[in-house]
Amino acid sequence: MTDTESPYVRVPDRELSAYAAEYLEQVAAIPEQRASVGCVIPAYNEGETIAGVLDSLLMQTRLPDEIHVIVNNTTDDSVEIASHYAGPHVRMTAVGEQRTTIYVHDIGKNPDKKVGALNYGYHLVEHMDYLLGVDGDTTPEPDAVEALVAEISSDARIGGISAIYSIDDSALDNVVAKWLIAGQRAQFSAFNMQNLLKGRNMAVLGGQFSIFSTKALRDVLRETHQTTPWVSDSEVEDSLLSLQIKSAGYLTKISASARAHVGGMTTLRSLDAQQVKWNFGAIDLMWPGQRGDTRGQPLHPNLRLRWFEHCSMVINIVTRLMFVLLLVGSLSIHALVFQAWWVTPPAMAILLNLKVARSMEFAHRRDYLFALLLAPAELYMWLRMGHFTRAWLKFFSHQQTDNWAAQAKAERGKGVAWLYPYVVLMVFLVAAFAIWVQVPISLRSDILAVGWPILGVITVLQTAWMALKIMRRHRGFKA
């Protein structure tokens with residue numbers, strides 16, 4: 001070979017083009033590696049809703065790889081209904097054929113209730129990339145799983161993502177149920193928007209429809225020396241796990257687009273039991289000190305919003321009680337002088353309620369009526385004040401109460417504990433009035449002269465805060 005000869009053989013451009021096309025076809029034929037998702041559905045007496053939940057999961061644009069229904073402590077036909085779905089399922093989607101398998105596990109009597117069912121499911125799917133937790137009465141939008149998987153896969157720092165929750169308001173049969181659900185929808189919407197606007201940081205990865213990185217869960221187990229992710233010594237097992245995920249160095253987020261419809265409480269008893277359990281559990285995590293195996297973490301970043309919510313509720317209680325007492329006191333001595341500016345706080349409240357309604361993705365006429373009429377929202381606030389007060393009293397009285405059992409009892413229409421705050425309020429008002437009429441008229445006048453300005457200052461500050469919230473942009477987010 002001479003110096004001018006090349007050791008390489010020139011391939012004609014035509015053959016290169018043919019090889020390039022063949023190479024690209026081979027690359028396209030390589031199956032994509034997709035993350036594996038195991039879905040866990042704890043089911044306790046979900047006979048009326050479990051079919052709808054499974055139907056909604058099978059209609060997803062991205063099917064979970066496995067779906068495990070963990071039936072526990074049930075006394076209805078949940079097992080029988082879920083069993084009709086057991087086995088493999090195939091569905092054609094926009095990205096091709098997808099498969100999943102539904103397994104139904106009846107674990108019988110389970111002392112740890114939902115927590116035990118979740119942990120049972122975790123051990124079934126811990127080998128997968130992600131665990132999708134779904135309540136037995138939650139129906140997601142068709143693209144919810146796809147959105148959650150895409151979001152959590154995009155950033156290895158994310159330990160869990162919660163869907164945006166809305167309360168299911170279908171099939172309501174009475175006025176009280178419609179009012180309670182409207183209040184819960186507004187409450188959820190305001191809470192969701194607060195989290196969306198705070199960098200989408202989510203303090204609580206609610207068990208209704210959330211996805212978790214199993215790597216993050218394993219890190220939590222290692223750091224906390226637990227054998228299971230969820231523990232039964234907390235009233236709010238999802239809040240505690242969210243704190244632990246955050247403490248392990250991961251992010252806890254709310255989805256920007258994944259949505260799920262959850263079952264609401266349609267009776268005063270059941271709503272009271274649920275809200276007291278939630279408030280009590282939050283207090284248990286917030287309050288400093290060690291209580292059994294639970295340690296209060298008042299400075300944890302995930303609890304800042306909880307502290308703000310509880311402080312706001314205290315202010316709401318103080319202003320409303322002061323207004324009632326001062327109003328009755330003024331009327332009793334014919335000293336009430338109406339001021340035109342008094343209509344400003346209610347007007348601002350209506351505007352804020354309307355903004356909350358407008359922020360809902362699925363808002364309808366009932367949501368706007370709830371906001372516009374003011375009275376339904378105000379009455380619902382008095383309910384929440386009762387739940388809040390009862391939770392704090394239970395905490396400080398050190399009552400050893402199974403709040404899960406109390407909620408189940410309330411949902412069966414039993415128990416009168418929800419009435420206690422309002423009975424106490426009536427007794428307090430009657431006693432206060434009885435004392436008031438015994439006070440000399442000059443002292444009554446002095447009390448009113450001091451009380452109204454104090455209430456005025458607090459109300460002005462509250463009104464200014466409502467105005468700031470009204471002016472705050474939602475940046476395209478929908479709750």
# chains A, B, ... in the order shown; residues from 1 in each chain; ligands from 1

call {"tool": "select_by_dssp", "arguments": {"residues": "range 126-247 of chain A", "states": "strand (DSSP E)", "output": "PDB file with C-alpha atoms, in the first residue's frame"}}
result
ATOM      1  CA  TYR A 130     -43.784   4.191  42.750  1.00  0.00           C
ATOM      2  CA  LEU A 131     -46.677   3.487  45.085  1.00  0.00           C
ATOM      3  CA  LEU A 132     -50.001   5.068  44.193  1.00  0.00           C
ATOM      4  CA  GLY A 133     -52.318   5.299  47.202  1.00  0.00           C
ATOM      5  CA  VAL A 134     -56.035   5.591  46.406  1.00  0.00           C
ATOM      6  CA  THR A 139     -62.392   8.643  41.428  1.00  0.00           C
ATOM      7  CA  PRO A 140     -59.563  10.315  39.452  1.00  0.00           C
ATOM      8  CA  ILE A 158     -39.581  14.559  44.799  1.00  0.00           C
ATOM      9  CA  GLY A 159     -40.656  11.993  47.385  1.00  0.00           C
ATOM     10  CA  GLY A 160     -44.388  12.273  46.837  1.00  0.00           C
ATOM     11  CA  ILE A 161     -47.064  14.204  44.962  1.00  0.00           C
ATOM     12  CA  SER A 162     -50.699  14.689  45.887  1.00  0.00           C
ATOM     13  CA  ALA A 163     -53.462  15.202  43.354  1.00  0.00           C
ATOM     14  CA  ILE A 164     -55.672  18.292  43.465  1.00  0.00           C
ATOM     15  CA  TYR A 165     -58.750  17.159  45.380  1.00  0.00           C
ATOM     16  CA  SER A 166     -62.329  18.165  44.795  1.00  0.00           C
ATOM     17  CA  ILE A 167     -65.333  16.898  46.743  1.00  0.00           C
ATOM     18  CA  PHE A 209     -54.881  10.005  45.712  1.00  0.00           C
ATOM     19  CA  SER A 210     -51.120  10.459  46.089  1.00  0.00           C
ATOM     20  CA  ILE A 211     -48.060   8.883  44.518  1.00  0.00           C
ATOM     21  CA  PHE A 212     -44.894   8.071  46.487  1.00  0.00           C
ATOM     22  CA  SER A 213     -41.369   7.190  45.461  1.00  0.00           C
TER      23      SER A 213
END

call {"tool": "residues_around", "arguments": {"residues": "Asp272 in chain A", "least_positions_apart": "2", "cutoff": "12 Å", "atoms": "only C-alpha atoms", "output": "PyMOL selection string"}}
result
chain A and resi 180+184+264-270+274-280+380+382-391+403+406-411+413-421

call {"tool": "atom_distance", "arguments": {"atom1": "CA of Thr138 in chain A", "atom2": "CA of Asp238 in chain A"}}
result
15.8 Å

call {"tool": "closest_residue", "arguments": {"among": "A:Asp233, A:Asp173, A:Glu46, A:Asp106", "to": "Val71 in chain A", "atoms": "only C-alpha atoms"}}
result
A:Asp106

call {"tool": "atom_distance", "arguments": {"atom1": "CA of Asp55 in chain A", "atom2": "CA of Leu148 in chain A"}}
result
18.5 Å

call {"tool": "residues_around", "arguments": {"residues": "Thr463 in chain A", "least_positions_apart": "6", "cutoff": "9 Å", "atoms": "only C-alpha atoms", "output": "MDAnalysis selection string"}}
result
chainID A and resid 344:346 348:349

call {"tool": "residues_around", "arguments": {"residues": "Thr252 in chain A", "least_positions_apart": "2", "cutoff": "8 Å", "atoms": "only C-alpha atoms", "output": "NGL selection string"}}
result
:A and (158-161 or 201-205 or 242 or 245-246 or 250 or 254)

call {"tool": "residues_around", "arguments": {"residues": "Phe191 in chain A", "least_positions_apart": "4", "cutoff": "10 Å", "atoms": "only C-alpha atoms", "output": "PyMOL selection string"}}
result
chain A and resi 164-165+185-187+195-196+202+305+309+356+479

call {"tool": "write_last_selection", "arguments": {"atoms": "C-alpha atoms", "output": "mmCIF file, in the first residue's frame"}}
result
data_model
loop_
_atom_site.group_PDB
_atom_site.id
_atom_site.type_symbol
_atom_site.label_atom_id
_atom_site.label_comp_id
_atom_site.auth_asym_id
_atom_site.auth_seq_id
_atom_site.Cartn_x
_atom_site.Cartn_y
_atom_site.Cartn_z
ATOM 1 C CA ILE A 164 -55.672 18.292 43.465
ATOM 2 C CA TYR A 165 -58.750 17.159 45.380
ATOM 3 C CA ARG A 185 -65.596 22.053 48.356
ATOM 4 C CA ALA A 186 -64.788 25.662 49.252
ATOM 5 C CA GLN A 187 -62.553 24.520 52.131
ATOM 6 C CA ASN A 195 -50.339 25.104 48.389
ATOM 7 C CA LEU A 196 -50.274 25.694 44.629
ATOM 8 C CA MET A 202 -47.677 20.283 49.873
ATOM 9 C CA LEU A 305 -49.352 26.432 57.057
ATOM 10 C CA GLU A 309 -54.617 28.021 59.798
ATOM 11 C CA VAL A 356 -62.490 30.776 45.896
ATOM 12 C CA ALA A 479 -58.090 24.274 42.381
#

call {"tool": "residues_around", "arguments": {"residues": "Asp168 in chain A", "least_positions_apart": "6", "cutoff": "7 Å", "atoms": "only C-alpha atoms", "output": "PyMOL selection string"}}
result
chain A and resi 261-264

call {"tool": "write_last_selection", "arguments": {"atoms": "C-alpha atoms", "output": "short mmCIF file (atom, residue, chain, number, x, y, z; two decimals), in the first residue's frame"}}
result
data_model
loop_
_atom_site.label_atom_id
_atom_site.label_comp_id
_atom_site.auth_asym_id
_atom_site.auth_seq_id
_atom_site.Cartn_x
_atom_site.Cartn_y
_atom_site.Cartn_z
CA HIS A 261 -62.83 13.52 43.24
CA VAL A 262 -63.14 12.33 46.83
CA GLY A 263 -66.14 11.41 48.91
CA GLY A 264 -67.43 14.13 51.21
#

call {"tool": "residues_around", "arguments": {"residues": "Lys215 in chain A", "least_positions_apart": "6", "cutoff": "10 Å", "atoms": "only C-alpha atoms", "output": "list in words"}}
result
Glu126, His127, Met128, Asp129, Tyr130, Ala156, Gly159 and Leu221 of chain A

call {"tool": "write_last_selection", "arguments": {"atoms": "C-alpha atoms", "output": "PDB file, in the first residue's frame"}}
result
ATOM      1  CA  GLU A 126     -42.196  -2.045  47.393  1.00  0.00           C
ATOM      2  CA  HIS A 127     -40.156  -3.557  44.537  1.00  0.00           C
ATOM      3  CA  MET A 128     -41.750  -1.071  42.117  1.00  0.00           C
ATOM      4  CA  ASP A 129     -40.663   2.493  41.406  1.00  0.00           C
ATOM      5  CA  TYR A 130     -43.784   4.191  42.750  1.00  0.00           C
ATOM      6  CA  ALA A 156     -35.500  12.651  41.695  1.00  0.00           C
ATOM      7  CA  GLY A 159     -40.656  11.993  47.385  1.00  0.00           C
ATOM      8  CA  LEU A 221     -37.844   3.517  57.108  1.00  0.00           C
TER       9      LEU A 221
END

call {"tool": "atom_distance", "arguments": {"atom1": "CA of Trp307 in chain A", "atom2": "CA of Met193 in chain A"}}
result
17.0 Å

call {"tool": "closest_residue", "arguments": {"among": "A:Asn45, A:Ser83, A:Glu146, A:Asp135", "to": "Thr61 in chain A", "atoms": "only C-alpha atoms"}}
result
A:Glu146

call {"tool": "select_by_dssp", "arguments": {"residues": "range 124-370 of chain A", "states": "alpha helix (DSSP H)", "output": "MDAnalysis selection string"}}
result
chainID A and resid 124:125 144:153 175:197 214:224 237:247 268:286 304:332 344:358 365:370

call {"tool": "decode", "arguments": {"residues": "range 132-168 of chain A", "atoms": "N, CA and C atoms", "output": "short mmCIF file (atom, residue, chain, number, x, y, z; two decimals), in the first residue's frame"}}
result
data_model
loop_
_atom_site.label_atom_id
_atom_site.label_comp_id
_atom_site.auth_asym_id
_atom_site.auth_seq_id
_atom_site.Cartn_x
_atom_site.Cartn_y
_atom_site.Cartn_z
N LEU A 132 -48.86 4.17 44.35
CA LEU A 132 -50.00 5.07 44.19
C LEU A 132 -51.06 4.68 45.22
N GLY A 133 -51.30 5.55 46.19
CA GLY A 133 -52.32 5.30 47.20
C GLY A 133 -53.65 5.92 46.80
N VAL A 134 -54.71 5.13 46.83
CA VAL A 134 -56.04 5.59 46.41
C VAL A 134 -57.06 5.16 47.45
N ASP A 135 -57.89 6.09 47.90
CA ASP A 135 -58.97 5.74 48.82
C ASP A 135 -60.07 5.00 48.09
N GLY A 136 -60.84 4.24 48.86
CA GLY A 136 -61.89 3.41 48.27
C GLY A 136 -63.11 4.17 47.82
N ASP A 137 -63.09 5.52 47.94
CA ASP A 137 -64.21 6.32 47.44
C ASP A 137 -63.73 7.48 46.58
N THR A 138 -62.53 7.34 45.98
CA THR A 138 -61.93 8.41 45.18
C THR A 138 -61.89 8.02 43.71
N THR A 139 -62.40 8.90 42.87
CA THR A 139 -62.39 8.64 41.43
C THR A 139 -61.56 9.71 40.73
N PRO A 140 -60.44 9.33 40.11
CA PRO A 140 -59.56 10.31 39.45
C PRO A 140 -60.05 10.67 38.05
N GLU A 141 -59.61 11.82 37.58
CA GLU A 141 -59.81 12.19 36.18
C GLU A 141 -58.98 11.24 35.31
N PRO A 142 -59.36 11.03 34.03
CA PRO A 142 -58.70 10.00 33.19
C PRO A 142 -57.19 10.15 33.04
N ASP A 143 -56.64 11.37 33.14
CA ASP A 143 -55.20 11.55 32.95
C ASP A 143 -54.45 11.72 34.26
N ALA A 144 -55.08 11.43 35.39
CA ALA A 144 -54.48 11.71 36.69
C ALA A 144 -53.21 10.90 36.93
N VAL A 145 -53.26 9.60 36.68
CA VAL A 145 -52.08 8.75 36.92
C VAL A 145 -50.93 9.17 36.01
N GLU A 146 -51.25 9.41 34.75
CA GLU A 146 -50.21 9.83 33.80
C GLU A 146 -49.54 11.12 34.25
N ALA A 147 -50.33 12.07 34.72
CA ALA A 147 -49.77 13.35 35.17
C ALA A 147 -48.89 13.17 36.40
N LEU A 148 -49.35 12.37 37.37
CA LEU A 148 -48.56 12.16 38.58
C LEU A 148 -47.24 11.47 38.28
N VAL A 149 -47.28 10.44 37.42
CA VAL A 149 -46.05 9.71 37.09
C VAL A 149 -45.08 10.62 36.35
N ALA A 150 -45.59 11.43 35.42
CA ALA A 150 -44.71 12.33 34.67
C ALA A 150 -44.05 13.34 35.61
N GLU A 151 -44.81 13.87 36.56
CA GLU A 151 -44.27 14.88 37.47
C GLU A 151 -43.23 14.29 38.42
N ILE A 152 -43.54 13.14 39.02
CA ILE A 152 -42.61 12.59 40.00
C ILE A 152 -41.37 12.01 39.32
N SER A 153 -41.50 11.57 38.06
CA SER A 153 -40.35 11.03 37.33
C SER A 153 -39.41 12.14 36.87
N SER A 154 -39.92 13.36 36.79
CA SER A 154 -39.13 14.47 36.25
C SER A 154 -38.08 15.00 37.21
N ASP A 155 -38.17 14.65 38.49
CA ASP A 155 -37.25 15.21 39.48
C ASP A 155 -37.03 14.18 40.59
N ALA A 156 -35.81 13.68 40.70
CA ALA A 156 -35.50 12.65 41.70
C ALA A 156 -35.61 13.17 43.12
N ARG A 157 -35.69 14.49 43.29
CA ARG A 157 -35.80 15.05 44.64
C ARG A 157 -37.22 14.92 45.20
N ILE A 158 -38.19 14.63 44.36
CA ILE A 158 -39.58 14.56 44.80
C ILE A 158 -39.85 13.20 45.44
N GLY A 159 -40.33 13.24 46.69
CA GLY A 159 -40.66 11.99 47.39
C GLY A 159 -42.11 11.60 47.25
N GLY A 160 -42.97 12.58 46.99
CA GLY A 160 -44.39 12.27 46.84
C GLY A 160 -45.14 13.46 46.27
N ILE A 161 -46.22 13.16 45.55
CA ILE A 161 -47.06 14.20 44.96
C ILE A 161 -48.52 13.86 45.22
N SER A 162 -49.27 14.85 45.66
CA SER A 162 -50.70 14.69 45.89
C SER A 162 -51.47 15.26 44.71
N ALA A 163 -52.58 14.64 44.37
CA ALA A 163 -53.46 15.20 43.35
C ALA A 163 -54.18 16.42 43.92
N ILE A 164 -54.80 17.19 43.05
CA ILE A 164 -55.67 18.29 43.47
C ILE A 164 -57.04 17.67 43.75
N TYR A 165 -57.51 17.82 44.99
CA TYR A 165 -58.75 17.16 45.38
C TYR A 165 -59.95 18.08 45.24
N SER A 166 -61.04 17.49 44.78
CA SER A 166 -62.33 18.17 44.80
C SER A 166 -63.33 17.20 45.42
N ILE A 167 -64.34 17.74 46.10
CA ILE A 167 -65.33 16.90 46.74
C ILE A 167 -66.41 16.51 45.74
N ASP A 168 -66.71 15.24 45.67
CA ASP A 168 -67.77 14.75 44.79
C ASP A 168 -69.12 15.22 45.32
#
